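Engineer: Provided below: protein24.cif, containing mmCIF, C-alpha atoms.
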```
data_coords
#
loop_
_atom_site.label_atom_id
_atom_site.label_comp_id
_atom_site.auth_asym_id
_atom_site.auth_seq_id
_atom_site.Cartn_x
_atom_site.Cartn_y
_atom_site.Cartn_z
CA MET D 1148 91.97 -125.67 -0.47
CA GLY D 1149 91.33 -122.26 -2.01
CA PRO D 1150 89.07 -121.24 -4.91
CA ASP D 1151 88.66 -123.87 -7.62
CA PHE D 1152 90.00 -123.31 -11.13
CA THR D 1153 86.87 -124.11 -13.12
CA LYS D 1154 86.27 -125.16 -16.71
CA LYS D 1155 84.86 -121.70 -17.46
CA MET D 1156 88.04 -120.12 -16.09
CA LYS D 1157 90.04 -122.23 -18.52
CA GLU D 1158 88.38 -120.32 -21.35
CA GLU D 1159 88.68 -116.84 -19.85
CA TYR D 1160 91.59 -116.67 -17.41
CA THR D 1161 95.28 -115.94 -17.76
CA ILE D 1162 97.43 -118.26 -15.63
CA ILE D 1163 100.47 -116.37 -14.34
CA ALA D 1164 103.68 -118.41 -13.94
CA PRO D 1165 107.06 -117.32 -12.56
CA ASP D 1166 110.09 -117.21 -14.86
CA ILE D 1167 111.78 -120.33 -13.51
CA PHE D 1168 113.79 -121.50 -16.51
CA PRO D 1169 114.73 -118.70 -18.92
CA THR D 1170 114.90 -120.05 -22.53
CA HIS D 1171 112.47 -122.83 -21.63
CA MET D 1172 109.45 -120.93 -20.29
CA GLU D 1173 108.22 -119.56 -23.64
CA LEU D 1174 108.15 -123.11 -24.98
CA ILE D 1175 106.33 -124.31 -21.84
CA GLU D 1176 103.75 -121.54 -22.38
CA ALA D 1177 103.17 -122.82 -25.92
CA ALA D 1178 102.81 -126.39 -24.64
CA PHE D 1179 100.04 -125.32 -22.24
CA ARG D 1180 98.26 -123.40 -25.02
CA ILE D 1181 97.93 -126.59 -27.08
CA TYR D 1182 95.65 -127.88 -24.34
CA GLY D 1183 93.63 -124.70 -23.98
CA TYR D 1184 95.42 -122.97 -21.08
CA LYS D 1185 96.66 -119.39 -21.44
CA VAL D 1186 99.83 -119.51 -19.36
CA VAL D 1187 102.08 -116.44 -19.25
CA ALA D 1188 105.50 -116.52 -17.58
CA VAL D 1189 106.27 -113.09 -16.14
CA HIS D 1190 109.81 -111.74 -16.38
CA TYR D 1191 109.75 -108.96 -13.78
CA GLU D 1192 113.10 -108.39 -12.07
CA GLY D 1193 114.68 -106.02 -9.58
CA LYS D 1194 114.13 -104.80 -6.05
CA LYS D 1195 110.42 -104.13 -6.58
CA VAL D 1196 109.79 -107.86 -7.08
CA ILE D 1197 111.82 -108.93 -4.04
CA ASP D 1198 110.15 -106.23 -1.90
CA THR D 1199 106.71 -107.48 -2.99
CA GLY D 1200 107.66 -111.01 -2.00
CA LEU D 1201 108.98 -109.87 1.37
CA LYS D 1202 105.93 -107.69 2.01
CA TYR D 1203 103.33 -110.40 1.56
CA LEU D 1204 105.29 -113.56 2.45
CA HIS D 1205 107.02 -114.44 5.71
CA ASN D 1206 110.67 -113.40 5.58
CA ASP D 1207 111.72 -116.85 6.76
CA VAL D 1208 110.59 -118.58 3.56
CA CYS D 1209 113.29 -119.70 1.15
CA TYR D 1210 114.72 -117.15 -1.25
CA PRO D 1211 113.45 -118.96 -4.41
CA ALA D 1212 109.91 -118.61 -3.03
CA ILE D 1213 110.37 -114.90 -2.32
CA CYS D 1214 111.58 -114.42 -5.91
CA SER D 1215 109.18 -116.64 -7.85
CA LEU D 1216 106.05 -115.93 -5.79
CA GLY D 1217 107.11 -112.29 -5.61
CA GLN D 1218 106.98 -112.15 -9.41
CA GLN D 1219 103.42 -113.46 -9.40
CA LEU D 1220 102.20 -111.17 -6.63
CA TYR D 1221 103.85 -108.21 -8.32
CA ALA D 1222 102.11 -109.16 -11.59
CA LEU D 1223 98.74 -108.92 -9.85
CA SER D 1224 99.53 -105.65 -8.06
CA CYS D 1225 101.30 -103.68 -10.82
CA GLY D 1226 98.26 -103.35 -13.09
CA ASP D 1227 99.47 -105.53 -15.98
CA PHE D 1228 96.92 -108.26 -15.21
CA ASP D 1229 93.28 -108.21 -14.15
CA PRO D 1230 93.04 -110.01 -10.77
CA ASP D 1231 89.44 -110.93 -11.60
CA LYS D 1232 90.56 -112.82 -14.72
CA SER D 1233 93.85 -114.27 -13.48
CA ALA D 1234 95.06 -117.39 -11.71
CA LEU D 1235 98.49 -118.29 -10.36
CA ILE D 1236 100.35 -121.54 -10.98
CA MET D 1237 102.92 -122.97 -8.59
CA PHE D 1238 105.32 -125.73 -9.61
CA GLN D 1239 106.25 -128.12 -6.81
CA THR D 1240 108.28 -131.31 -6.57
CA GLY D 1241 105.92 -132.66 -3.91
CA GLY D 1242 108.81 -134.04 -1.86
CA GLY D 1243 110.67 -132.71 1.16
CA CYS D 1244 111.16 -129.25 -0.37
CA ARG D 1245 109.84 -126.45 1.85
CA ALA D 1246 108.06 -125.06 -1.21
CA SER D 1247 105.66 -128.01 -1.03
CA ASN D 1248 104.07 -126.16 1.90
CA TYR D 1249 104.10 -122.68 0.38
CA ILE D 1250 100.82 -122.88 -1.49
CA MET D 1251 98.94 -121.99 1.71
CA LEU D 1252 101.36 -119.13 2.29
CA LEU D 1253 100.64 -117.84 -1.21
CA ARG D 1254 96.89 -117.99 -0.55
CA LYS D 1255 97.40 -116.12 2.71
CA ALA D 1256 99.35 -113.44 0.80
CA LEU D 1257 96.48 -113.11 -1.69
CA LYS D 1258 94.04 -112.70 1.20
CA ASN D 1259 96.20 -109.93 2.66
CA MET D 1260 96.16 -108.24 -0.76
CA GLY D 1261 92.36 -108.46 -0.93
CA MET D 1262 92.62 -110.97 -3.78
CA GLU D 1263 91.66 -114.21 -2.04
CA HIS D 1264 89.33 -115.00 -4.97
CA VAL D 1265 92.35 -115.58 -7.26
CA PRO D 1266 92.78 -119.35 -7.82
CA VAL D 1267 96.17 -120.93 -7.16
CA ILE D 1268 96.99 -124.05 -9.17
CA SER D 1269 99.54 -126.50 -7.78
CA VAL D 1270 101.42 -128.64 -10.30
CA SER D 1271 103.32 -131.39 -8.53
CA PHE D 1272 104.72 -134.89 -8.96
CA GLY D 1273 102.69 -135.66 -5.86
CA GLN D 1274 99.35 -134.36 -7.26
CA LEU D 1275 98.70 -132.40 -4.07
CA GLU D 1276 95.44 -130.83 -5.22
CA LYS D 1277 92.77 -131.32 -7.88
CA TYR D 1278 90.79 -128.79 -9.92
CA SER D 1279 87.65 -129.10 -12.04
CA GLY D 1280 89.14 -127.08 -14.90
CA PHE D 1281 92.82 -127.99 -14.82
CA LYS D 1282 94.44 -131.35 -15.27
CA ILE D 1283 97.88 -132.51 -16.39
CA THR D 1284 97.31 -135.37 -18.82
CA PRO D 1285 100.04 -137.83 -19.94
CA ALA D 1286 100.04 -136.21 -23.41
CA MET D 1287 100.47 -132.78 -21.83
CA ALA D 1288 103.35 -134.01 -19.67
CA LEU D 1289 105.11 -135.54 -22.69
CA THR D 1290 104.70 -132.30 -24.65
CA ALA D 1291 106.26 -130.35 -21.78
CA LEU D 1292 109.10 -132.88 -21.64
CA ARG D 1293 109.83 -132.32 -25.33
CA CYS D 1294 109.93 -128.59 -24.64
CA LEU D 1295 112.61 -129.24 -22.04
CA ILE D 1296 114.70 -131.01 -24.68
CA TYR D 1297 114.37 -128.07 -27.06
CA GLY D 1298 115.10 -125.58 -24.28
CA ASP D 1299 118.16 -127.51 -23.12
CA MET D 1300 119.53 -127.61 -26.67
CA LEU D 1301 119.16 -123.84 -27.04
CA LEU D 1302 120.65 -123.23 -23.57
CA LEU D 1303 123.64 -125.50 -24.20
CA LEU D 1304 124.56 -124.02 -27.58
CA LYS D 1305 123.84 -120.40 -26.58
CA ASN D 1306 126.25 -120.66 -23.67
CA GLN D 1307 129.02 -122.13 -25.86
CA THR D 1308 128.54 -119.66 -28.70
CA LEU D 1309 127.77 -116.31 -27.05
CA PRO D 1310 131.25 -115.64 -25.56
CA TYR D 1311 132.94 -116.29 -28.90
CA GLU D 1312 130.60 -114.70 -31.46
CA ILE D 1313 132.31 -112.30 -33.89
CA ASN D 1314 129.15 -110.39 -34.79
CA LYS D 1315 127.47 -109.22 -31.60
CA GLY D 1316 123.85 -110.37 -31.44
CA ASP D 1317 124.17 -113.41 -33.75
CA THR D 1318 123.63 -115.91 -30.93
CA ARG D 1319 120.60 -114.09 -29.55
CA ARG D 1320 119.08 -113.91 -33.03
CA VAL D 1321 119.41 -117.67 -33.49
CA VAL D 1322 117.86 -118.32 -30.06
CA ASP D 1323 114.96 -115.96 -30.84
CA LYS D 1324 114.51 -117.51 -34.28
CA TRP D 1325 114.13 -120.98 -32.83
CA ILE D 1326 111.90 -119.97 -29.95
CA LYS D 1327 109.60 -118.34 -32.51
CA GLU D 1328 109.82 -121.32 -34.86
CA LEU D 1329 109.17 -123.89 -32.14
CA THR D 1330 106.29 -121.96 -30.54
CA GLU D 1331 104.67 -121.67 -33.99
CA GLN D 1332 105.13 -125.40 -34.54
CA LEU D 1333 103.62 -126.14 -31.15
CA ALA D 1334 100.68 -123.84 -31.88
CA HIS D 1335 99.91 -126.08 -34.87
CA LYS D 1336 100.67 -129.26 -32.89
CA LYS D 1337 103.85 -129.90 -34.87
CA GLY D 1338 107.33 -130.80 -33.69
CA LEU D 1339 105.85 -133.34 -31.27
CA THR D 1340 106.88 -136.59 -32.94
CA SER D 1341 110.30 -138.17 -32.49
CA ARG D 1342 111.04 -137.72 -36.18
CA ALA D 1343 110.10 -134.02 -36.14
CA MET D 1344 112.05 -133.46 -32.93
CA LYS D 1345 115.19 -135.02 -34.39
CA LYS D 1346 114.84 -132.82 -37.48
CA ASN D 1347 114.44 -129.68 -35.35
CA LEU D 1348 117.39 -130.56 -33.11
CA ALA D 1349 119.64 -131.16 -36.12
CA ALA D 1350 118.63 -127.82 -37.63
CA ILE D 1351 119.22 -125.99 -34.34
CA ALA D 1352 122.72 -127.48 -34.05
CA LYS D 1353 123.58 -126.45 -37.62
CA ASP D 1354 122.38 -122.87 -37.07
CA PHE D 1355 124.63 -122.45 -34.04
CA HIS D 1356 127.52 -124.12 -35.86
CA ASP D 1357 127.14 -121.56 -38.67
CA ILE D 1358 127.58 -118.56 -36.31
CA PRO D 1359 131.02 -117.01 -36.97
CA ARG D 1360 133.16 -117.40 -33.85
CA GLU D 1361 136.66 -116.43 -32.82
CA LYS D 1362 139.08 -118.58 -30.89
CA LYS D 1363 139.65 -117.20 -27.41
CA ASP D 1364 141.23 -118.75 -24.35
CA LEU D 1365 138.53 -118.03 -21.77
CA VAL D 1366 138.12 -119.22 -18.20
CA LYS D 1367 135.52 -121.98 -18.18
CA VAL D 1368 132.99 -121.86 -15.35
CA GLY D 1369 130.33 -124.39 -14.43
CA ILE D 1370 127.18 -123.46 -12.53
CA VAL D 1371 125.40 -125.89 -10.19
CA GLY D 1372 123.19 -125.44 -7.17
CA GLU D 1373 119.57 -125.21 -6.12
CA ILE D 1374 117.20 -125.63 -9.07
CA TYR D 1375 115.84 -122.06 -9.08
CA VAL D 1376 118.91 -119.93 -8.38
CA LYS D 1377 120.94 -122.08 -10.79
CA TYR D 1378 118.86 -120.84 -13.75
CA ALA D 1379 116.81 -117.74 -12.89
CA SER D 1380 118.61 -114.41 -13.26
CA LEU D 1381 116.31 -112.85 -10.64
CA GLY D 1382 117.46 -115.46 -8.13
CA ASN D 1383 121.19 -115.30 -8.95
CA ASN D 1384 121.51 -111.54 -9.56
CA GLY D 1385 122.28 -111.90 -13.26
CA LEU D 1386 125.08 -114.42 -12.72
CA GLU D 1387 125.40 -115.39 -16.39
CA GLU D 1388 125.64 -111.77 -17.56
CA PHE D 1389 128.27 -111.08 -14.91
CA LEU D 1390 130.38 -114.07 -15.96
CA LEU D 1391 130.12 -112.96 -19.58
CA SER D 1392 131.33 -109.48 -18.60
CA GLN D 1393 134.31 -111.08 -16.86
CA GLY D 1394 135.43 -112.90 -20.01
CA CYS D 1395 134.19 -116.37 -19.11
CA GLU D 1396 132.51 -119.21 -20.89
CA TYR D 1397 129.97 -120.83 -18.58
CA MET D 1398 128.00 -124.04 -18.67
CA VAL D 1399 124.77 -124.79 -16.81
CA PRO D 1400 123.55 -128.42 -16.86
CA GLY D 1401 120.24 -128.91 -18.64
CA VAL D 1402 116.82 -128.77 -16.97
CA LEU D 1403 116.00 -132.27 -18.24
CA GLY D 1404 118.63 -133.62 -15.85
CA PHE D 1405 116.64 -132.41 -12.85
CA PHE D 1406 113.58 -134.31 -14.08
CA GLN D 1407 115.66 -137.42 -14.77
CA TYR D 1408 116.92 -137.07 -11.21
CA CYS D 1409 113.32 -136.95 -9.93
CA PHE D 1410 112.39 -140.02 -12.00
CA ALA D 1411 115.46 -141.90 -10.72
CA ASN D 1412 114.52 -141.00 -7.14
CA MET D 1413 111.22 -142.86 -7.55
CA GLU D 1414 113.28 -146.04 -7.92
CA LYS D 1415 115.30 -145.27 -4.80
CA ASP D 1416 112.15 -144.36 -2.87
CA HIS D 1417 110.85 -147.85 -3.53
CA GLU D 1418 114.17 -149.51 -2.67
CA TYR D 1419 114.98 -147.49 0.47
CA TYR D 1420 111.73 -146.12 1.82
CA GLY D 1421 109.00 -148.47 0.61
CA GLY D 1422 107.56 -146.22 -2.10
CA GLY D 1423 104.53 -147.49 -4.04
CA LEU D 1424 104.70 -149.63 -7.19
CA GLY D 1425 102.78 -147.02 -9.19
CA ALA D 1426 105.44 -144.40 -8.58
CA LEU D 1427 108.19 -146.96 -9.24
CA TRP D 1428 106.86 -147.91 -12.67
CA GLY D 1429 105.91 -144.33 -13.48
CA GLY D 1430 109.47 -143.25 -12.75
CA ARG D 1431 110.92 -146.08 -14.83
CA ILE D 1432 108.74 -145.31 -17.84
CA ALA D 1433 109.36 -141.56 -17.66
CA GLY D 1434 113.09 -142.23 -17.22
CA LYS D 1435 113.24 -144.41 -20.33
CA ILE D 1436 111.40 -141.81 -22.41
CA SER D 1437 113.72 -139.08 -21.12
CA ASP D 1438 116.80 -141.18 -21.91
CA ARG D 1439 115.60 -141.80 -25.46
CA TRP D 1440 114.93 -138.14 -26.11
CA GLU D 1441 118.20 -137.15 -24.46
CA LYS D 1442 119.94 -139.45 -26.96
CA ALA D 1443 118.21 -137.60 -29.83
CA MET D 1444 119.80 -134.36 -28.60
CA LEU D 1445 123.23 -135.96 -28.25
CA ASP D 1446 122.95 -137.48 -31.74
CA ALA D 1447 122.10 -134.07 -33.22
CA LEU D 1448 125.35 -132.69 -31.74
CA GLU D 1449 127.50 -135.55 -33.05
CA PRO D 1450 128.44 -133.82 -36.37
CA TYR D 1451 129.76 -130.77 -34.48
CA PRO D 1452 132.70 -131.80 -32.27
CA GLU D 1453 133.46 -128.15 -31.43
CA PHE D 1454 130.51 -128.21 -29.03
CA VAL D 1455 130.90 -129.89 -25.63
CA LYS D 1456 128.05 -132.38 -25.31
CA PRO D 1457 126.31 -133.36 -22.09
CA VAL D 1458 126.99 -136.89 -20.90
CA HIS D 1459 124.20 -139.43 -20.76
CA PHE D 1460 122.37 -139.08 -17.45
CA GLY D 1461 123.45 -142.57 -16.46
CA LYS D 1462 127.01 -141.24 -16.31
CA VAL D 1463 125.90 -138.48 -13.90
CA GLU D 1464 124.44 -141.21 -11.68
CA GLU D 1465 127.75 -143.11 -11.78
CA LEU D 1466 129.71 -139.98 -10.87
CA ALA D 1467 127.33 -139.21 -8.02
CA ASP D 1468 127.76 -142.73 -6.65
CA THR D 1469 131.46 -142.03 -6.02
CA ILE D 1470 130.54 -139.04 -3.84
CA LEU D 1471 127.17 -139.49 -2.16
CA ASP D 1472 124.57 -142.20 -1.63
CA ARG D 1473 121.57 -141.73 -3.88
CA GLY D 1474 119.26 -141.97 -0.90
CA VAL D 1475 120.26 -138.34 -0.23
CA LYS D 1476 117.75 -136.48 -2.38
CA MET D 1477 116.77 -133.29 -0.58
CA GLY D 1478 118.08 -129.92 -1.73
CA GLU D 1479 119.11 -131.38 -5.13
CA GLY D 1480 120.77 -134.21 -3.19
CA TRP D 1481 123.11 -136.45 -5.15
CA LEU D 1482 122.41 -134.57 -8.39
CA LEU D 1483 124.44 -131.57 -7.20
CA PRO D 1484 127.79 -133.37 -6.76
CA GLY D 1485 127.05 -135.55 -9.78
CA GLU D 1486 126.66 -132.48 -12.01
CA THR D 1487 129.70 -130.84 -10.42
CA ALA D 1488 131.83 -133.89 -11.24
CA GLU D 1489 130.44 -133.95 -14.80
CA LEU D 1490 131.35 -130.30 -15.34
CA ILE D 1491 134.87 -130.77 -13.94
CA GLU D 1492 135.49 -133.79 -16.17
CA LYS D 1493 134.39 -131.75 -19.20
CA GLY D 1494 136.94 -129.03 -18.43
CA TYR D 1495 134.76 -126.63 -16.43
CA THR D 1496 136.99 -126.97 -13.38
CA ASN D 1497 135.86 -123.66 -11.87
CA VAL D 1498 132.43 -124.34 -10.39
CA ILE D 1499 130.03 -121.91 -8.75
CA CYS D 1500 127.56 -123.59 -6.41
CA ALA D 1501 124.59 -121.19 -6.19
CA GLN D 1502 122.83 -121.67 -2.86
CA PRO D 1503 119.76 -119.78 -1.60
CA PHE D 1504 118.74 -118.72 1.87
CA GLY D 1505 116.25 -121.09 3.42
CA CYS D 1506 117.32 -124.32 1.71
CA LEU D 1507 119.36 -125.98 4.45
CA PRO D 1508 119.65 -129.37 2.66
CA ASN D 1509 121.12 -127.62 -0.40
CA HIS D 1510 123.73 -125.89 1.76
CA ILE D 1511 124.59 -129.16 3.50
CA VAL D 1512 124.95 -131.12 0.26
CA GLY D 1513 126.65 -128.30 -1.65
CA LYS D 1514 129.25 -127.41 0.97
CA GLY D 1515 129.43 -130.91 2.47
CA THR D 1516 130.56 -132.62 -0.74
CA ILE D 1517 133.31 -130.14 -1.67
CA ARG D 1518 135.99 -132.00 0.30
CA ARG D 1519 135.22 -135.29 -1.44
CA LEU D 1520 135.11 -133.59 -4.84
CA ARG D 1521 138.51 -132.01 -4.22
CA GLU D 1522 139.90 -135.41 -3.25
CA LEU D 1523 138.71 -136.79 -6.58
CA TYR D 1524 139.61 -133.67 -8.58
CA PRO D 1525 142.56 -131.89 -6.91
CA LYS D 1526 142.56 -129.07 -9.49
CA ALA D 1527 138.89 -128.26 -8.98
CA ASN D 1528 138.13 -124.67 -7.97
CA ILE D 1529 134.70 -124.89 -6.29
CA PHE D 1530 133.11 -121.80 -4.74
CA PRO D 1531 129.70 -121.75 -2.98
CA VAL D 1532 127.89 -118.43 -3.39
CA ASP D 1533 124.92 -117.58 -1.15
CA TYR D 1534 121.87 -115.74 -2.48
CA ASP D 1535 119.20 -114.11 -0.35
CA SER D 1536 117.22 -110.89 -0.13
CA GLY D 1537 119.70 -109.30 2.28
CA ALA D 1538 122.89 -110.37 0.50
CA SER D 1539 125.02 -107.75 -1.21
CA LYS D 1540 125.41 -108.21 -4.95
CA VAL D 1541 128.84 -106.58 -4.65
CA ASN D 1542 129.94 -109.19 -2.12
CA GLN D 1543 128.67 -112.00 -4.35
CA GLU D 1544 130.50 -110.60 -7.37
CA ASN D 1545 133.69 -110.02 -5.36
CA ARG D 1546 133.62 -113.64 -4.25
CA ILE D 1547 133.24 -114.75 -7.88
CA LYS D 1548 136.09 -112.43 -8.90
CA LEU D 1549 138.26 -114.12 -6.28
CA MET D 1550 137.40 -117.50 -7.80
CA LEU D 1551 138.29 -116.23 -11.27
CA ALA D 1552 141.56 -114.73 -10.02
CA ILE D 1553 142.54 -118.13 -8.58
CA ALA D 1554 141.49 -119.79 -11.84
CA ARG D 1555 143.60 -117.44 -13.96
CA GLU D 1556 146.59 -117.89 -11.68
CA GLN D 1557 146.29 -121.67 -11.86
CA GLU D 1558 145.86 -121.63 -15.63
CA GLY D 1559 148.48 -118.97 -16.28
CA LYS D 1560 146.01 -116.56 -17.86
CA SER D 1561 146.28 -112.80 -17.61
#
```
Mind turning this structure into structure tokens?

Structural biologist:
Amino acid sequence: MGPDFTKKMKEEYTIIAPDIFPTHMELIEAAFRIYGYKVVAVHYEGKKVIDTGLKYLHNDVCYPAICSLGQQLYALSCGDFDPDKSALIMFQTGGGCRASNYIMLLRKALKNMGMEHVPVISVSFGQLEKYSGFKITPAMALTALRCLIYGDMLLLLKNQTLPYEINKGDTRRVVDKWIKELTEQLAHKKGLTSRAMKKNLAAIAKDFHDIPREKKDLVKVGIVGEIYVKYASLGNNGLEEFLLSQGCEYMVPGVLGFFQYCFANMEKDHEYYGGGLGALWGGRIAGKISDRWEKAMLDALEPYPEFVKPVHFGKVEELADTILDRGVKMGEGWLLPGETAELIEKGYTNVICAQPFGCLPNHIVGKGTIRRLRELYPKANIFPVDYDSGASKVNQENRIKLMLAIAREQEGKS
């Protein structure tokens, strides 16, 4: 274990986090601040970040690690942060993901940079390490979970409004308004009760409903894949912006679903692999809380039928069961085909499966379930797209253009 993150550091240090979930990370920052931690998610993009990751990390690590850890290492080396008053935070599932082993690689990179004194905090379902000045409490975890609900609501409505807005910039203004409003509420420890959350969700839905939109017949695209490249623009080369430029409406399943997937896996771990009772009951309790808060979001969308709502997560589990056994849980496992089926059934029949270099289970599950999905949904247009540091953005975009050309031909669109 590397340098400890002490109680004194909690008062003085900035904790640098990668930009894993755009839209959500500013809310997560605010959640940490409630409990006295100054967490800053860095938004660096471009070749300089990837080159930093490749320079200090082994080039055989997975692409999400090169991107996310590259952002943190670049933050320390570019002069924006004081390495003597900074710590890094690494989010890990604690399961079979290769990233569960990357914390030592990150510490080795810091040593090579002459910054081995910088603490690295691991946040994991598995509680891999402990620190004297950093601890995730149940209240802290619940606050972060609420932030995921808020972030998912903003993500869902932004993606369904942006391609149709009449006045350019209206959607972004509403997103910014609510990020500011919610971070201010969190700073004053508001918006954290079920009643307050329901009120906020209802107000968010109304604000997006009030944005003037035009009716356009756009190609609908769903995005699934590995958890990082599915959301992070650094990891997927600005996929959402590219789809928008191609006249598409796109939908990305919410981040909460990934956590519900992790909670559900605790049940399967106990059933299949002899997992402990503590994890079993922890997963059940967290799953029930998630389901209840998910329902609050769905209820807030009920008055606005023009928006496509997510299905209850239990439905995703049912869809996954027709494709893959839920004992398969590496590389997004059964969640990936479950979300793909959900998107197809909601009309997003053109699906991009974003897959990064270095995540073999994700490639196996993503590509391996396409045949079964096409048997169930003959009109589905599913395209895997690979992302890695050596891949050509032009080749990726050309592959997506091919998918869209097939979609337009099938749908009779010009």

Engineer: Report as a list in words all protein, DNA and RNA residues lying within 7 Å of region 1386-1398 of chain D, evaluated on only C-alpha atoms, omitting residues in the same chain fewer than 3 positions from it.

Structural biologist: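 Non-adjacent residues within range: Asn1306, Gln1307, Pro1310, Leu1365, Val1366, Lys1367, Val1368, Gly1369, Ile1370, Ser1380 and Asn1383 of chain D.
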
Engineer: For the residues in the current selection, export C-alpha atoms as a short mmCIF file (atom, residue, chain, number, x, y, z; two decimals), in the coordinates of the input.

Structural biologist:
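Below is the file that was written, out04.cif:
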```
data_model
loop_
_atom_site.label_atom_id
_atom_site.label_comp_id
_atom_site.auth_asym_id
_atom_site.auth_seq_id
_atom_site.Cartn_x
_atom_site.Cartn_y
_atom_site.Cartn_z
CA ASN D 1306 126.25 -120.66 -23.67
CA GLN D 1307 129.02 -122.13 -25.86
CA PRO D 1310 131.25 -115.64 -25.56
CA LEU D 1365 138.53 -118.03 -21.77
CA VAL D 1366 138.12 -119.22 -18.20
CA LYS D 1367 135.52 -121.98 -18.18
CA VAL D 1368 132.99 -121.86 -15.35
CA GLY D 1369 130.33 -124.39 -14.43
CA ILE D 1370 127.18 -123.46 -12.53
CA SER D 1380 118.61 -114.41 -13.26
CA ASN D 1383 121.19 -115.30 -8.95
#
```

Engineer: Leaving out Val1187 (chain D) and any residue of its chain fewer than 2 positions from it, which residues lie within 10 Å of it when counting all atoms listed in the file, given as a ChimeraX atom specification?

Structural biologist: /D:1161-1166,1172-1173,1175-1177,1179-1180,1184-1185,1189-1190,1235-1236

Engineer: Give me, as a JSON list (two decimals) with C-alpha atoms, keeping the file's coordinate frame, all polymer residues having an atom no more than 10 Å from Asp1416 (chain D), counting only C-alpha atoms and skipping those fewer than 6 positions away in the same chain.

Structural biologist:
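Ended up saving to out.json:
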```json
[["chain", "number", "residue", "atom", "x", "y", "z"],
["D", 1422, "GLY", "CA", 107.56, -146.22, -2.10],
["D", 1423, "GLY", "CA", 104.53, -147.49, -4.04],
["D", 1426, "ALA", "CA", 105.44, -144.40, -8.58],
["D", 1427, "LEU", "CA", 108.19, -146.96, -9.24],
["D", 1473, "ARG", "CA", 121.57, -141.73, -3.88],
["D", 1474, "GLY", "CA", 119.26, -141.97, -0.90],
["D", 1476, "LYS", "CA", 117.75, -136.48, -2.38]]
```

Engineer: Can you pull out the residues contacting Thr1308 (chain D)? Cut-off 12 Å, using all atoms listed in the file, and skip same-chain residues under 3 positions away; I want them as a CSV table (one decimal) with C-alpha atoms, keeping the file's coordinate frame.

Structural biologist:
```csv
chain,number,residue,atom,x,y,z
D,1301,LEU,CA,119.2,-123.8,-27.0
D,1302,LEU,CA,120.6,-123.2,-23.6
D,1303,LEU,CA,123.6,-125.5,-24.2
D,1304,LEU,CA,124.6,-124.0,-27.6
D,1305,LYS,CA,123.8,-120.4,-26.6
D,1311,TYR,CA,132.9,-116.3,-28.9
D,1312,GLU,CA,130.6,-114.7,-31.5
D,1313,ILE,CA,132.3,-112.3,-33.9
D,1314,ASN,CA,129.2,-110.4,-34.8
D,1315,LYS,CA,127.5,-109.2,-31.6
D,1316,GLY,CA,123.8,-110.4,-31.4
D,1317,ASP,CA,124.2,-113.4,-33.8
D,1318,THR,CA,123.6,-115.9,-30.9
D,1319,ARG,CA,120.6,-114.1,-29.6
D,1320,ARG,CA,119.1,-113.9,-33.0
D,1321,VAL,CA,119.4,-117.7,-33.5
D,1322,VAL,CA,117.9,-118.3,-30.1
D,1352,ALA,CA,122.7,-127.5,-34.0
D,1354,ASP,CA,122.4,-122.9,-37.1
D,1355,PHE,CA,124.6,-122.4,-34.0
D,1356,HIS,CA,127.5,-124.1,-35.9
D,1357,ASP,CA,127.1,-121.6,-38.7
D,1358,ILE,CA,127.6,-118.6,-36.3
D,1359,PRO,CA,131.0,-117.0,-37.0
D,1360,ARG,CA,133.2,-117.4,-33.8
D,1361,GLU,CA,136.7,-116.4,-32.8
D,1362,LYS,CA,139.1,-118.6,-30.9
D,1363,LYS,CA,139.6,-117.2,-27.4
D,1391,LEU,CA,130.1,-113.0,-19.6
D,1395,CYS,CA,134.2,-116.4,-19.1
D,1396,GLU,CA,132.5,-119.2,-20.9
D,1397,TYR,CA,130.0,-120.8,-18.6
D,1398,MET,CA,128.0,-124.0,-18.7
D,1453,GLU,CA,133.5,-128.2,-31.4
D,1454,PHE,CA,130.5,-128.2,-29.0
D,1455,VAL,CA,130.9,-129.9,-25.6
```

Engineer: Using only C-alpha atoms and a cutoff of 7 Å, can you tell me which residues are near (114.7, -136.7, -9.4) in the file's coordinates, and write them out as a JSON list (two decimals) with C-alpha atoms, keeping the file's coordinate frame?

Structural biologist:
```json
[["chain", "number", "residue", "atom", "x", "y", "z"],
["D", 1405, "PHE", "CA", 116.64, -132.41, -12.85],
["D", 1406, "PHE", "CA", 113.58, -134.31, -14.08],
["D", 1407, "GLN", "CA", 115.66, -137.42, -14.77],
["D", 1408, "TYR", "CA", 116.92, -137.07, -11.21],
["D", 1409, "CYS", "CA", 113.32, -136.95, -9.93],
["D", 1410, "PHE", "CA", 112.39, -140.02, -12.00],
["D", 1411, "ALA", "CA", 115.46, -141.90, -10.72],
["D", 1412, "ASN", "CA", 114.52, -141.00, -7.14]]
```

Engineer: CA of Leu1333 (chain D) to CA of Ala1350 (chain D): how many Å, to one decimal?

Structural biologist: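 Computed distance, CA of Leu1333 (chain D) to CA of Ala1350 (chain D), equals 16.4 Å.
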
Engineer: Got a sec to resolve the PyMOL selection byres ((chain D and resi 1462-1464) around 8) on this structure and send the residues as an MDAnalysis selection string?

Structural biologist: chainID D and resid 1458:1461 1465:1468 1482 1485:1486 1488:1489

Engineer: Give me the result of the PyMOL selection byres ((chain D and resi 1506) around 12) on this file, residue by residue, as number ranges by chain.

Structural biologist: D: 1207-1212, 1243-1246, 1372-1376, 1477-1480, 1501-1505, 1507-1513, 1533-1535

Engineer: For the atom pair CA of Lys1415 (chain D) and CA of Ser1437 (chain D), what is the interatomic distance in Å to one decimal place?

Structural biologist: 17.5 Å
